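Novice: query.cif is reproduced in full below (mmCIF, N, CA and C atoms).
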data_target
loop_
_atom_site.label_atom_id
_atom_site.label_comp_id
_atom_site.auth_asym_id
_atom_site.auth_seq_id
_atom_site.Cartn_x
_atom_site.Cartn_y
_atom_site.Cartn_z
N MET A 40 0.82 -1.19 0.00
CA MET A 40 0.00 0.00 0.00
C MET A 40 0.86 1.26 0.00
N GLY A 41 1.98 1.25 0.74
CA GLY A 41 2.88 2.39 0.82
C GLY A 41 3.48 2.73 -0.54
N TYR A 42 3.76 1.69 -1.35
CA TYR A 42 4.33 1.89 -2.68
C TYR A 42 3.37 2.69 -3.56
N TYR A 43 2.09 2.32 -3.55
CA TYR A 43 1.11 3.00 -4.39
C TYR A 43 0.86 4.44 -3.92
N ARG A 44 0.91 4.63 -2.61
CA ARG A 44 0.73 5.99 -2.08
C ARG A 44 1.90 6.86 -2.54
N THR A 45 3.13 6.35 -2.44
CA THR A 45 4.31 7.09 -2.88
C THR A 45 4.24 7.37 -4.38
N LEU A 46 3.86 6.37 -5.16
CA LEU A 46 3.73 6.53 -6.60
C LEU A 46 2.69 7.60 -6.93
N GLY A 47 1.59 7.60 -6.21
CA GLY A 47 0.54 8.60 -6.43
C GLY A 47 1.04 10.00 -6.14
N VAL A 48 1.79 10.17 -5.05
CA VAL A 48 2.34 11.47 -4.70
C VAL A 48 3.31 11.94 -5.77
N VAL A 49 4.16 11.04 -6.25
CA VAL A 49 5.13 11.39 -7.30
C VAL A 49 4.40 11.79 -8.58
N LEU A 50 3.40 11.05 -8.98
CA LEU A 50 2.67 11.37 -10.20
C LEU A 50 1.92 12.69 -10.09
N LEU A 51 1.30 12.95 -8.94
CA LEU A 51 0.62 14.23 -8.74
C LEU A 51 1.61 15.39 -8.74
N SER A 52 2.78 15.18 -8.17
CA SER A 52 3.81 16.22 -8.17
C SER A 52 4.25 16.53 -9.59
N LEU A 53 4.46 15.47 -10.37
CA LEU A 53 4.86 15.67 -11.77
C LEU A 53 3.77 16.38 -12.55
N LEU A 54 2.53 16.02 -12.30
CA LEU A 54 1.41 16.65 -12.99
C LEU A 54 1.34 18.13 -12.65
N ALA A 55 1.53 18.47 -11.38
CA ALA A 55 1.52 19.87 -10.97
C ALA A 55 2.68 20.62 -11.60
N TYR A 56 3.84 19.97 -11.69
CA TYR A 56 5.03 20.59 -12.27
C TYR A 56 4.83 20.88 -13.75
N THR A 57 4.29 19.93 -14.49
CA THR A 57 4.12 20.11 -15.92
C THR A 57 2.95 21.01 -16.26
N ASN A 58 2.01 21.19 -15.35
CA ASN A 58 0.86 22.03 -15.61
C ASN A 58 0.99 23.43 -15.01
N ALA A 59 2.21 23.79 -14.62
CA ALA A 59 2.41 25.11 -14.04
C ALA A 59 2.03 26.18 -15.06
N GLU A 60 1.38 27.22 -14.56
CA GLU A 60 0.97 28.31 -15.43
C GLU A 60 2.15 29.24 -15.67
N PRO A 61 2.16 29.90 -16.84
CA PRO A 61 3.21 30.90 -17.07
C PRO A 61 3.13 31.99 -16.00
N VAL A 62 4.27 32.57 -15.69
CA VAL A 62 4.34 33.61 -14.67
C VAL A 62 3.77 34.91 -15.23
N LYS A 63 2.98 35.57 -14.41
CA LYS A 63 2.46 36.89 -14.79
C LYS A 63 3.61 37.88 -14.67
N PHE A 64 3.83 38.66 -15.72
CA PHE A 64 4.94 39.60 -15.74
C PHE A 64 4.48 40.91 -16.35
N ALA A 65 5.27 41.95 -16.12
CA ALA A 65 5.03 43.25 -16.73
C ALA A 65 6.24 43.58 -17.58
N ASP A 66 5.99 44.14 -18.75
CA ASP A 66 7.08 44.60 -19.59
C ASP A 66 7.58 45.92 -19.02
N CYS A 67 8.90 46.07 -18.93
CA CYS A 67 9.46 47.30 -18.33
C CYS A 67 10.38 48.02 -19.31
N GLY A 68 10.10 47.86 -20.60
CA GLY A 68 10.88 48.62 -21.57
C GLY A 68 11.58 47.77 -22.62
N SER A 69 10.93 46.73 -23.08
CA SER A 69 11.52 45.89 -24.13
C SER A 69 11.55 46.70 -25.43
N ILE A 70 12.69 47.30 -25.74
CA ILE A 70 12.81 48.17 -26.90
C ILE A 70 12.95 47.37 -28.19
N HIS A 71 13.78 46.33 -28.16
CA HIS A 71 14.09 45.59 -29.38
C HIS A 71 13.60 44.15 -29.38
N GLY A 72 12.52 43.90 -28.65
CA GLY A 72 11.98 42.55 -28.62
C GLY A 72 10.60 42.54 -27.99
N LYS A 73 9.95 41.39 -28.10
CA LYS A 73 8.61 41.21 -27.52
C LYS A 73 8.58 39.87 -26.80
N VAL A 74 8.24 39.90 -25.52
CA VAL A 74 8.18 38.69 -24.70
C VAL A 74 6.83 38.01 -24.90
N ALA A 75 6.90 36.71 -25.18
CA ALA A 75 5.67 35.92 -25.34
C ALA A 75 5.28 35.23 -24.04
N GLU A 76 6.29 34.74 -23.30
CA GLU A 76 5.98 33.96 -22.09
C GLU A 76 7.18 33.94 -21.15
N VAL A 77 6.87 33.88 -19.85
CA VAL A 77 7.88 33.73 -18.80
C VAL A 77 7.48 32.53 -17.96
N ASP A 78 8.44 31.64 -17.74
CA ASP A 78 8.17 30.45 -16.95
C ASP A 78 9.28 30.30 -15.91
N ILE A 79 8.90 30.03 -14.68
CA ILE A 79 9.87 29.80 -13.60
C ILE A 79 9.56 28.44 -13.00
N GLN A 80 10.60 27.63 -12.86
CA GLN A 80 10.43 26.29 -12.29
C GLN A 80 11.36 26.10 -11.10
N PRO A 81 10.89 25.60 -10.00
CA PRO A 81 9.48 25.35 -9.71
C PRO A 81 8.81 26.62 -9.19
N CYS A 82 7.59 26.82 -9.60
CA CYS A 82 6.77 27.95 -9.13
C CYS A 82 5.31 27.54 -9.27
N PRO A 83 4.80 26.76 -8.31
CA PRO A 83 3.44 26.25 -8.42
C PRO A 83 2.35 27.31 -8.20
N SER A 84 2.69 28.44 -7.55
CA SER A 84 1.71 29.49 -7.33
C SER A 84 2.41 30.84 -7.42
N GLN A 85 1.60 31.89 -7.60
CA GLN A 85 2.17 33.21 -7.77
C GLN A 85 1.68 34.14 -6.68
N PRO A 86 2.51 35.06 -6.18
CA PRO A 86 3.89 35.24 -6.61
C PRO A 86 4.75 34.04 -6.24
N CYS A 87 5.77 33.79 -7.04
CA CYS A 87 6.66 32.64 -6.79
C CYS A 87 7.31 32.78 -5.43
N GLN A 88 7.29 31.69 -4.68
CA GLN A 88 8.00 31.66 -3.41
C GLN A 88 9.36 31.04 -3.65
N LEU A 89 10.40 31.83 -3.44
CA LEU A 89 11.78 31.40 -3.66
C LEU A 89 12.40 31.05 -2.32
N HIS A 90 12.78 29.79 -2.18
CA HIS A 90 13.34 29.31 -0.91
C HIS A 90 14.84 29.54 -0.87
N LYS A 91 15.30 30.04 0.28
CA LYS A 91 16.74 30.29 0.46
C LYS A 91 17.52 29.00 0.22
N GLY A 92 18.65 29.14 -0.46
CA GLY A 92 19.51 28.00 -0.72
C GLY A 92 19.10 27.19 -1.95
N GLU A 93 18.01 27.58 -2.60
CA GLU A 93 17.54 26.87 -3.80
C GLU A 93 17.89 27.68 -5.04
N SER A 94 17.79 27.01 -6.19
CA SER A 94 18.01 27.68 -7.47
C SER A 94 16.79 27.43 -8.34
N TYR A 95 16.39 28.43 -9.11
CA TYR A 95 15.18 28.36 -9.92
C TYR A 95 15.54 28.59 -11.39
N THR A 96 14.85 27.88 -12.27
CA THR A 96 15.07 28.02 -13.70
C THR A 96 14.10 29.05 -14.26
N VAL A 97 14.65 30.05 -14.91
CA VAL A 97 13.85 31.10 -15.53
C VAL A 97 13.96 30.93 -17.04
N ASN A 98 12.80 30.82 -17.71
CA ASN A 98 12.75 30.65 -19.16
C ASN A 98 11.89 31.77 -19.74
N VAL A 99 12.51 32.58 -20.60
CA VAL A 99 11.81 33.70 -21.22
C VAL A 99 11.77 33.45 -22.73
N THR A 100 10.59 33.34 -23.28
CA THR A 100 10.42 33.17 -24.73
C THR A 100 10.12 34.55 -25.31
N PHE A 101 10.96 34.96 -26.27
CA PHE A 101 10.80 36.30 -26.84
C PHE A 101 11.19 36.29 -28.32
N THR A 102 10.76 37.33 -29.01
CA THR A 102 11.12 37.54 -30.40
C THR A 102 11.91 38.84 -30.49
N SER A 103 13.05 38.79 -31.15
CA SER A 103 13.87 39.99 -31.32
C SER A 103 13.43 40.75 -32.57
N SER A 104 13.56 42.08 -32.52
CA SER A 104 13.26 42.89 -33.71
C SER A 104 14.54 43.42 -34.35
N VAL A 105 15.70 43.06 -33.76
CA VAL A 105 16.99 43.54 -34.27
C VAL A 105 18.01 42.40 -34.32
N ALA A 106 19.08 42.66 -35.05
CA ALA A 106 20.23 41.74 -35.05
C ALA A 106 21.19 42.18 -33.94
N SER A 107 21.84 41.21 -33.32
CA SER A 107 22.82 41.51 -32.28
C SER A 107 23.82 40.35 -32.21
N GLN A 108 25.08 40.67 -32.20
CA GLN A 108 26.11 39.63 -32.13
C GLN A 108 26.13 38.96 -30.75
N ASN A 109 25.82 39.74 -29.72
CA ASN A 109 25.86 39.25 -28.34
C ASN A 109 24.63 39.73 -27.59
N CYS A 110 24.43 39.18 -26.41
CA CYS A 110 23.39 39.66 -25.51
C CYS A 110 23.82 39.37 -24.08
N THR A 111 23.50 40.31 -23.20
CA THR A 111 23.95 40.23 -21.82
C THR A 111 22.78 40.45 -20.88
N ALA A 112 22.67 39.59 -19.87
CA ALA A 112 21.59 39.69 -18.88
C ALA A 112 22.03 40.53 -17.69
N VAL A 113 21.08 41.33 -17.21
CA VAL A 113 21.26 42.12 -15.99
C VAL A 113 20.00 41.91 -15.16
N VAL A 114 20.18 41.52 -13.89
CA VAL A 114 19.04 41.23 -13.03
C VAL A 114 19.13 42.09 -11.76
N HIS A 115 17.99 42.68 -11.41
CA HIS A 115 17.90 43.47 -10.17
C HIS A 115 16.73 42.96 -9.34
N GLY A 116 16.89 43.05 -8.04
CA GLY A 116 15.78 42.89 -7.13
C GLY A 116 15.35 44.30 -6.74
N VAL A 117 14.10 44.62 -6.95
CA VAL A 117 13.62 45.97 -6.64
C VAL A 117 12.88 45.91 -5.30
N VAL A 118 13.47 46.55 -4.30
CA VAL A 118 12.91 46.55 -2.94
C VAL A 118 12.51 47.98 -2.61
N GLU A 119 11.21 48.19 -2.40
CA GLU A 119 10.67 49.51 -2.09
C GLU A 119 11.15 50.55 -3.09
N GLY A 120 11.15 50.19 -4.38
CA GLY A 120 11.51 51.11 -5.44
C GLY A 120 13.00 51.24 -5.71
N VAL A 121 13.83 50.56 -4.91
CA VAL A 121 15.29 50.67 -5.07
C VAL A 121 15.82 49.39 -5.73
N PRO A 122 16.43 49.52 -6.94
CA PRO A 122 16.99 48.33 -7.59
C PRO A 122 18.33 47.92 -6.97
N VAL A 123 18.45 46.64 -6.64
CA VAL A 123 19.67 46.08 -6.08
C VAL A 123 20.14 44.97 -7.02
N LEU A 124 21.40 45.05 -7.45
CA LEU A 124 21.92 44.05 -8.38
C LEU A 124 21.77 42.65 -7.80
N PHE A 125 21.25 41.74 -8.60
CA PHE A 125 20.98 40.36 -8.20
C PHE A 125 21.89 39.48 -9.06
N PRO A 126 23.00 38.99 -8.52
CA PRO A 126 23.94 38.24 -9.35
C PRO A 126 23.36 36.91 -9.85
N ILE A 127 23.63 36.61 -11.12
CA ILE A 127 23.23 35.33 -11.70
C ILE A 127 24.50 34.62 -12.17
N PRO A 128 24.48 33.29 -12.25
CA PRO A 128 25.71 32.56 -12.59
C PRO A 128 26.20 32.78 -14.01
N GLN A 129 25.32 33.10 -14.95
CA GLN A 129 25.73 33.27 -16.34
C GLN A 129 25.03 34.50 -16.94
N SER A 130 25.79 35.57 -17.14
CA SER A 130 25.20 36.78 -17.70
C SER A 130 25.22 36.79 -19.23
N ASP A 131 26.01 35.91 -19.83
CA ASP A 131 26.11 35.83 -21.29
C ASP A 131 24.89 35.10 -21.86
N GLY A 132 24.01 35.85 -22.53
CA GLY A 132 22.81 35.25 -23.10
C GLY A 132 23.11 34.22 -24.17
N CYS A 133 24.27 34.36 -24.83
CA CYS A 133 24.66 33.40 -25.87
C CYS A 133 25.03 32.04 -25.28
N LYS A 134 25.19 31.99 -23.97
CA LYS A 134 25.46 30.72 -23.26
C LYS A 134 24.26 30.31 -22.42
N SER A 135 23.11 30.92 -22.71
CA SER A 135 21.90 30.67 -21.93
C SER A 135 20.73 30.33 -22.83
N GLY A 136 20.98 29.44 -23.78
CA GLY A 136 19.91 28.94 -24.64
C GLY A 136 19.74 29.69 -25.94
N ILE A 137 20.42 30.82 -26.10
CA ILE A 137 20.30 31.62 -27.32
C ILE A 137 21.47 31.33 -28.23
N GLN A 138 21.17 30.95 -29.47
CA GLN A 138 22.23 30.73 -30.45
C GLN A 138 22.53 32.07 -31.11
N CYS A 139 23.68 32.64 -30.78
CA CYS A 139 24.06 33.95 -31.33
C CYS A 139 24.75 33.76 -32.68
N PRO A 140 24.67 34.75 -33.57
CA PRO A 140 24.08 36.06 -33.35
C PRO A 140 22.56 36.02 -33.34
N VAL A 141 21.98 36.97 -32.62
CA VAL A 141 20.53 37.13 -32.57
C VAL A 141 20.08 37.72 -33.91
N GLU A 142 18.99 37.17 -34.44
CA GLU A 142 18.47 37.63 -35.73
C GLU A 142 17.09 38.25 -35.55
N PRO A 143 16.78 39.27 -36.38
CA PRO A 143 15.45 39.89 -36.27
C PRO A 143 14.34 38.93 -36.68
N GLN A 144 13.19 39.11 -36.05
CA GLN A 144 11.97 38.34 -36.32
C GLN A 144 12.13 36.84 -36.03
N LYS A 145 13.06 36.51 -35.18
CA LYS A 145 13.27 35.11 -34.79
C LYS A 145 12.93 34.96 -33.31
N SER A 146 12.29 33.83 -32.98
CA SER A 146 11.90 33.56 -31.60
C SER A 146 13.03 32.83 -30.87
N TYR A 147 13.23 33.20 -29.61
CA TYR A 147 14.30 32.61 -28.80
C TYR A 147 13.74 32.17 -27.45
N SER A 148 14.40 31.17 -26.88
CA SER A 148 14.08 30.72 -25.54
C SER A 148 15.33 30.92 -24.68
N TYR A 149 15.30 31.98 -23.89
CA TYR A 149 16.41 32.31 -22.99
C TYR A 149 16.18 31.56 -21.68
N VAL A 150 17.19 30.80 -21.23
CA VAL A 150 17.06 30.00 -20.01
C VAL A 150 18.26 30.28 -19.10
N ASN A 151 17.96 30.61 -17.85
CA ASN A 151 19.03 30.87 -16.90
C ASN A 151 18.59 30.42 -15.51
N GLN A 152 19.54 30.43 -14.58
CA GLN A 152 19.28 30.05 -13.21
C GLN A 152 19.19 31.29 -12.33
N LEU A 153 18.30 31.25 -11.36
CA LEU A 153 18.16 32.31 -10.38
C LEU A 153 18.43 31.69 -9.00
N PRO A 154 19.69 31.80 -8.54
CA PRO A 154 20.01 31.24 -7.23
C PRO A 154 19.57 32.17 -6.10
N VAL A 155 19.03 31.60 -5.04
CA VAL A 155 18.59 32.38 -3.89
C VAL A 155 19.53 32.04 -2.73
N LYS A 156 20.38 32.99 -2.40
CA LYS A 156 21.40 32.76 -1.38
C LYS A 156 20.77 32.66 0.00
N THR A 157 21.39 31.88 0.86
CA THR A 157 20.86 31.68 2.21
C THR A 157 20.90 32.96 3.04
N GLY A 158 21.77 33.89 2.68
CA GLY A 158 21.89 35.15 3.42
C GLY A 158 20.84 36.18 3.08
N TYR A 159 20.03 35.93 2.05
CA TYR A 159 18.98 36.88 1.69
C TYR A 159 17.90 36.91 2.77
N PRO A 160 17.38 38.10 3.08
CA PRO A 160 16.30 38.17 4.08
C PRO A 160 14.97 37.70 3.48
N PRO A 161 14.09 37.19 4.32
CA PRO A 161 12.75 36.87 3.82
C PRO A 161 12.03 38.18 3.51
N ILE A 162 11.62 38.33 2.25
CA ILE A 162 11.07 39.61 1.81
C ILE A 162 10.28 39.45 0.53
N LYS A 163 9.32 40.33 0.32
CA LYS A 163 8.62 40.41 -0.97
C LYS A 163 9.34 41.46 -1.80
N LEU A 164 9.57 41.16 -3.07
CA LEU A 164 10.24 42.10 -3.95
C LEU A 164 9.83 41.85 -5.39
N VAL A 165 10.29 42.70 -6.28
CA VAL A 165 10.04 42.55 -7.70
C VAL A 165 11.38 42.27 -8.38
N VAL A 166 11.42 41.23 -9.19
CA VAL A 166 12.62 40.92 -9.97
C VAL A 166 12.49 41.64 -11.31
N GLU A 167 13.54 42.37 -11.67
CA GLU A 167 13.61 43.03 -12.97
C GLU A 167 14.72 42.37 -13.77
N TRP A 168 14.35 41.73 -14.88
CA TRP A 168 15.30 40.94 -15.67
C TRP A 168 15.40 41.56 -17.06
N GLU A 169 16.61 41.98 -17.43
CA GLU A 169 16.85 42.57 -18.74
C GLU A 169 17.83 41.71 -19.53
N LEU A 170 17.61 41.66 -20.83
CA LEU A 170 18.58 41.06 -21.74
C LEU A 170 18.93 42.14 -22.76
N LYS A 171 20.19 42.57 -22.74
CA LYS A 171 20.62 43.72 -23.53
C LYS A 171 21.35 43.30 -24.79
N ASP A 172 21.17 44.09 -25.85
CA ASP A 172 21.83 43.81 -27.13
C ASP A 172 23.21 44.48 -27.19
N ASP A 173 23.82 44.48 -28.39
CA ASP A 173 25.16 45.05 -28.58
C ASP A 173 25.23 46.53 -28.21
N PHE A 174 24.10 47.25 -28.32
CA PHE A 174 24.08 48.68 -28.07
C PHE A 174 23.51 49.02 -26.70
N ASN A 175 23.45 48.00 -25.82
CA ASN A 175 22.96 48.16 -24.45
C ASN A 175 21.48 48.52 -24.39
N LYS A 176 20.74 48.18 -25.44
CA LYS A 176 19.28 48.37 -25.47
C LYS A 176 18.63 47.04 -25.11
N ASP A 177 17.44 47.11 -24.51
CA ASP A 177 16.77 45.91 -24.04
C ASP A 177 16.15 45.09 -25.17
N LEU A 178 16.64 43.85 -25.33
CA LEU A 178 15.92 42.88 -26.16
C LEU A 178 14.64 42.53 -25.43
N PHE A 179 14.75 42.40 -24.10
CA PHE A 179 13.56 42.33 -23.26
C PHE A 179 13.87 42.90 -21.89
N CYS A 180 12.84 43.38 -21.26
CA CYS A 180 12.89 43.83 -19.87
C CYS A 180 11.56 43.41 -19.26
N ILE A 181 11.64 42.56 -18.26
CA ILE A 181 10.42 42.07 -17.60
C ILE A 181 10.54 42.28 -16.09
N LYS A 182 9.38 42.41 -15.46
CA LYS A 182 9.29 42.48 -14.00
C LYS A 182 8.27 41.47 -13.53
N PHE A 183 8.59 40.78 -12.44
CA PHE A 183 7.63 39.85 -11.85
C PHE A 183 7.85 39.80 -10.34
N PRO A 184 6.75 39.68 -9.57
CA PRO A 184 6.87 39.66 -8.12
C PRO A 184 7.30 38.28 -7.61
N VAL A 185 8.10 38.30 -6.55
CA VAL A 185 8.50 37.05 -5.88
C VAL A 185 8.49 37.30 -4.37
N GLN A 186 8.59 36.22 -3.64
CA GLN A 186 8.72 36.31 -2.20
C GLN A 186 9.83 35.34 -1.78
N ILE A 187 10.84 35.86 -1.10
CA ILE A 187 11.92 35.01 -0.59
C ILE A 187 11.48 34.50 0.77
N VAL A 188 11.52 33.17 0.92
CA VAL A 188 11.09 32.53 2.16
C VAL A 188 12.19 31.60 2.67
N ASN A 189 12.07 31.23 3.94
CA ASN A 189 13.08 30.33 4.55
C ASN A 189 13.05 28.96 3.95
#
Show me the file's structure as structure tokens.

Specialist:
Amino acid sequence: MGYYRTLGVVLLSLLAYTNAEPVKFADCGSIHGKVAEVDIQPCPSQPCQLHKGESYTVNVTFTSSVASQNCTAVVHGVVEGVPVLFPIPQSDGCKSGIQCPVEPQKSYSYVNQLPVKTGYPPIKLVVEWELKDDFNKDLFCIKFPVQIVN
């Protein structure tokens, strides 16, 4: 009986994981691109609860309107209107699921990790994620609310 109960829990967990809804986001100045979808895993409910010491996968599907040889990610946590740099392990978009050079009118799936350090305080904040082109203009700029929890 214990085996079937465990199997049921695993299957329900997988079902919840695969049926996660896209994250609600706001565009914050995507000059040279258009975001179609933002997905964070795991994030079963919104705002996403980010647990200290965990890492989360962020997937942004977007279409570029310009060509760019390179692209660079910049991430901030906005706390009470003040942006604080949020370090990510890989800022090079060309090493984060995007095959460079970026071409106009082509869809891309940018994938990166968002590590939550154990030293972060438990707090509600807004994540601002930008992917910049060769001229430091935003291919995309998105904002989404999160809550850091223990």

Novice: Using only C-alpha atoms, which residues of range 116-148 of chain A come within 10 Å of range 87-108 of chain A, and what is the closest atom pair for each, with the distance in Å to one decimal? Give it as a tab-separated table, sorted by chain and residue number.

Specialist:
residue	atom	partner	partner_atom	distance
A:Cys133	CA	A:Gln108	CA	9.0
A:Ser135	CA	A:Asn98	CA	9.6
A:Gly136	CA	A:Asn98	CA	9.2
A:Gln138	CA	A:Gln108	CA	9.9
A:Cys139	CA	A:Gln108	CA	6.1
A:Pro140	CA	A:Gln108	CA	4.3
A:Val141	CA	A:Ser107	CA	5.0
A:Glu142	CA	A:Ala106	CA	4.5
A:Pro143	CA	A:Val105	CA	4.4
A:Gln144	CA	A:Ser104	CA	5.4
A:Lys145	CA	A:Thr102	CA	5.5
A:Ser146	CA	A:Thr102	CA	4.2
A:Tyr147	CA	A:Phe101	CA	5.5
A:Ser148	CA	A:Thr100	CA	4.5

Novice: Let me see the file: selected residues, N, CA and C atoms, as a short mmCIF file (atom, residue, chain, number, x, y, z; two decimals), keeping the file's coordinate frame.

Specialist:
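The new file again.cif reads:
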data_model
loop_
_atom_site.label_atom_id
_atom_site.label_comp_id
_atom_site.auth_asym_id
_atom_site.auth_seq_id
_atom_site.Cartn_x
_atom_site.Cartn_y
_atom_site.Cartn_z
N CYS A 133 24.27 34.36 -24.83
CA CYS A 133 24.66 33.40 -25.87
C CYS A 133 25.03 32.04 -25.28
N SER A 135 23.11 30.92 -22.71
CA SER A 135 21.90 30.67 -21.93
C SER A 135 20.73 30.33 -22.83
N GLY A 136 20.98 29.44 -23.78
CA GLY A 136 19.91 28.94 -24.64
C GLY A 136 19.74 29.69 -25.94
N GLN A 138 21.17 30.95 -29.47
CA GLN A 138 22.23 30.73 -30.45
C GLN A 138 22.53 32.07 -31.11
N CYS A 139 23.68 32.64 -30.78
CA CYS A 139 24.06 33.95 -31.33
C CYS A 139 24.75 33.76 -32.68
N PRO A 140 24.67 34.75 -33.57
CA PRO A 140 24.08 36.06 -33.35
C PRO A 140 22.56 36.02 -33.34
N VAL A 141 21.98 36.97 -32.62
CA VAL A 141 20.53 37.13 -32.57
C VAL A 141 20.08 37.72 -33.91
N GLU A 142 18.99 37.17 -34.44
CA GLU A 142 18.47 37.63 -35.73
C GLU A 142 17.09 38.25 -35.55
N PRO A 143 16.78 39.27 -36.38
CA PRO A 143 15.45 39.89 -36.27
C PRO A 143 14.34 38.93 -36.68
N GLN A 144 13.19 39.11 -36.05
CA GLN A 144 11.97 38.34 -36.32
C GLN A 144 12.13 36.84 -36.03
N LYS A 145 13.06 36.51 -35.18
CA LYS A 145 13.27 35.11 -34.79
C LYS A 145 12.93 34.96 -33.31
N SER A 146 12.29 33.83 -32.98
CA SER A 146 11.90 33.56 -31.60
C SER A 146 13.03 32.83 -30.87
N TYR A 147 13.23 33.20 -29.61
CA TYR A 147 14.30 32.61 -28.80
C TYR A 147 13.74 32.17 -27.45
N SER A 148 14.40 31.17 -26.88
CA SER A 148 14.08 30.72 -25.54
C SER A 148 15.33 30.92 -24.68
#

Novice: May I have the centre and edge lengths, in Å to one decimal, of an axis-aligned box around the listed atoms of range 72-75 of chain A with 8 Å added to every side, as AutoDock Vina command-line options?

Specialist:
--center_x 8.9 --center_y 39.6 --center_z -26.3 --size_x 23.2 --size_y 24.7 --size_z 20.6

Novice: Please return, as JSON, numbers by chain, all polymer residues that have at least one atom within 8 Å of the point (2.0, 38.5, -16.2); use all atoms listed in the file and the file's own coordinate frame.

Specialist: {"A": [61, 62, 63, 64, 65, 66, 77, 182, 183]}

Novice: So the first atom is atom C of Pro160 in chain A and the second is atom C of Phe179 in chain A; what is the distance between them in Å, to one decimal place?

Specialist: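 Between atom C of Pro160 in chain A and atom C of Phe179 in chain A the gap works out to 25.9 Å.
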
Novice: Please return, as a PyMOL selection string, all residues of chain A that DSSP assigns to alpha helix (DSSP H) on the basis of the backbone.

Specialist: chain A and resi 41-57

Novice: Write the residues of the selection above to a file with N, CA and C atoms, as a PDB file, in the frame of the given file.

Specialist:
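Heads up, here's the output in part-v3.pdb:
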ATOM      1  N   GLY A  41       1.980   1.250   0.740  1.00  0.00           N
ATOM      2  CA  GLY A  41       2.880   2.390   0.820  1.00  0.00           C
ATOM      3  C   GLY A  41       3.480   2.730  -0.540  1.00  0.00           C
ATOM      4  N   TYR A  42       3.760   1.690  -1.350  1.00  0.00           N
ATOM      5  CA  TYR A  42       4.330   1.890  -2.680  1.00  0.00           C
ATOM      6  C   TYR A  42       3.370   2.690  -3.560  1.00  0.00           C
ATOM      7  N   TYR A  43       2.090   2.320  -3.550  1.00  0.00           N
ATOM      8  CA  TYR A  43       1.110   3.000  -4.390  1.00  0.00           C
ATOM      9  C   TYR A  43       0.860   4.440  -3.920  1.00  0.00           C
ATOM     10  N   ARG A  44       0.910   4.630  -2.610  1.00  0.00           N
ATOM     11  CA  ARG A  44       0.730   5.990  -2.080  1.00  0.00           C
ATOM     12  C   ARG A  44       1.900   6.860  -2.540  1.00  0.00           C
ATOM     13  N   THR A  45       3.130   6.350  -2.440  1.00  0.00           N
ATOM     14  CA  THR A  45       4.310   7.090  -2.880  1.00  0.00           C
ATOM     15  C   THR A  45       4.240   7.370  -4.380  1.00  0.00           C
ATOM     16  N   LEU A  46       3.860   6.370  -5.160  1.00  0.00           N
ATOM     17  CA  LEU A  46       3.730   6.530  -6.600  1.00  0.00           C
ATOM     18  C   LEU A  46       2.690   7.600  -6.930  1.00  0.00           C
ATOM     19  N   GLY A  47       1.590   7.600  -6.210  1.00  0.00           N
ATOM     20  CA  GLY A  47       0.540   8.600  -6.430  1.00  0.00           C
ATOM     21  C   GLY A  47       1.040  10.000  -6.140  1.00  0.00           C
ATOM     22  N   VAL A  48       1.790  10.170  -5.050  1.00  0.00           N
ATOM     23  CA  VAL A  48       2.340  11.470  -4.700  1.00  0.00           C
ATOM     24  C   VAL A  48       3.310  11.940  -5.770  1.00  0.00           C
ATOM     25  N   VAL A  49       4.160  11.040  -6.250  1.00  0.00           N
ATOM     26  CA  VAL A  49       5.130  11.390  -7.300  1.00  0.00           C
ATOM     27  C   VAL A  49       4.400  11.790  -8.580  1.00  0.00           C
ATOM     28  N   LEU A  50       3.400  11.050  -8.980  1.00  0.00           N
ATOM     29  CA  LEU A  50       2.670  11.370 -10.200  1.00  0.00           C
ATOM     30  C   LEU A  50       1.920  12.690 -10.090  1.00  0.00           C
ATOM     31  N   LEU A  51       1.300  12.950  -8.940  1.00  0.00           N
ATOM     32  CA  LEU A  51       0.620  14.230  -8.740  1.00  0.00           C
ATOM     33  C   LEU A  51       1.610  15.390  -8.740  1.00  0.00           C
ATOM     34  N   SER A  52       2.780  15.180  -8.170  1.00  0.00           N
ATOM     35  CA  SER A  52       3.810  16.220  -8.170  1.00  0.00           C
ATOM     36  C   SER A  52       4.250  16.530  -9.590  1.00  0.00           C
ATOM     37  N   LEU A  53       4.460  15.470 -10.370  1.00  0.00           N
ATOM     38  CA  LEU A  53       4.860  15.670 -11.770  1.00  0.00           C
ATOM     39  C   LEU A  53       3.770  16.380 -12.550  1.00  0.00           C
ATOM     40  N   LEU A  54       2.530  16.020 -12.300  1.00  0.00           N
ATOM     41  CA  LEU A  54       1.410  16.650 -12.990  1.00  0.00           C
ATOM     42  C   LEU A  54       1.340  18.130 -12.650  1.00  0.00           C
ATOM     43  N   ALA A  55       1.530  18.470 -11.380  1.00  0.00           N
ATOM     44  CA  ALA A  55       1.520  19.870 -10.970  1.00  0.00           C
ATOM     45  C   ALA A  55       2.680  20.620 -11.600  1.00  0.00           C
ATOM     46  N   TYR A  56       3.840  19.970 -11.690  1.00  0.00           N
ATOM     47  CA  TYR A  56       5.030  20.590 -12.270  1.00  0.00           C
ATOM     48  C   TYR A  56       4.830  20.880 -13.750  1.00  0.00           C
ATOM     49  N   THR A  57       4.290  19.930 -14.490  1.00  0.00           N
ATOM     50  CA  THR A  57       4.120  20.110 -15.920  1.00  0.00           C
ATOM     51  C   THR A  57       2.950  21.010 -16.260  1.00  0.00           C
TER      52      THR A  57
END

Novice: Evaluate the PyMOL selection byres ((chain A and resi 186) around 6) against this structure - the residues, as a ChimeraX atom specification, please.

Specialist: /A:86-89,162-164,184-185,187-188

Novice: Report, in Å to a single decimal, how far apart atom C of Val113 in chain A and atom C of Glu167 in chain A are.

Specialist: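 Computing the Euclidean distance for atom C of Glu167 in chain A and atom C of Val113 in chain A yields 5.5 Å.
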
Novice: Counting only N, CA and C atoms, what is within 7 Å of Glu169 in chain A, bar same-chain residues fewer than 4 positions away, as a list of chain:residue names?

Specialist: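 Returned residues: A:Thr111, A:Ala112, A:Val113, A:Val114, A:His115, A:Asp177, A:Leu178, A:Phe179, A:Cys180, A:Ile181.
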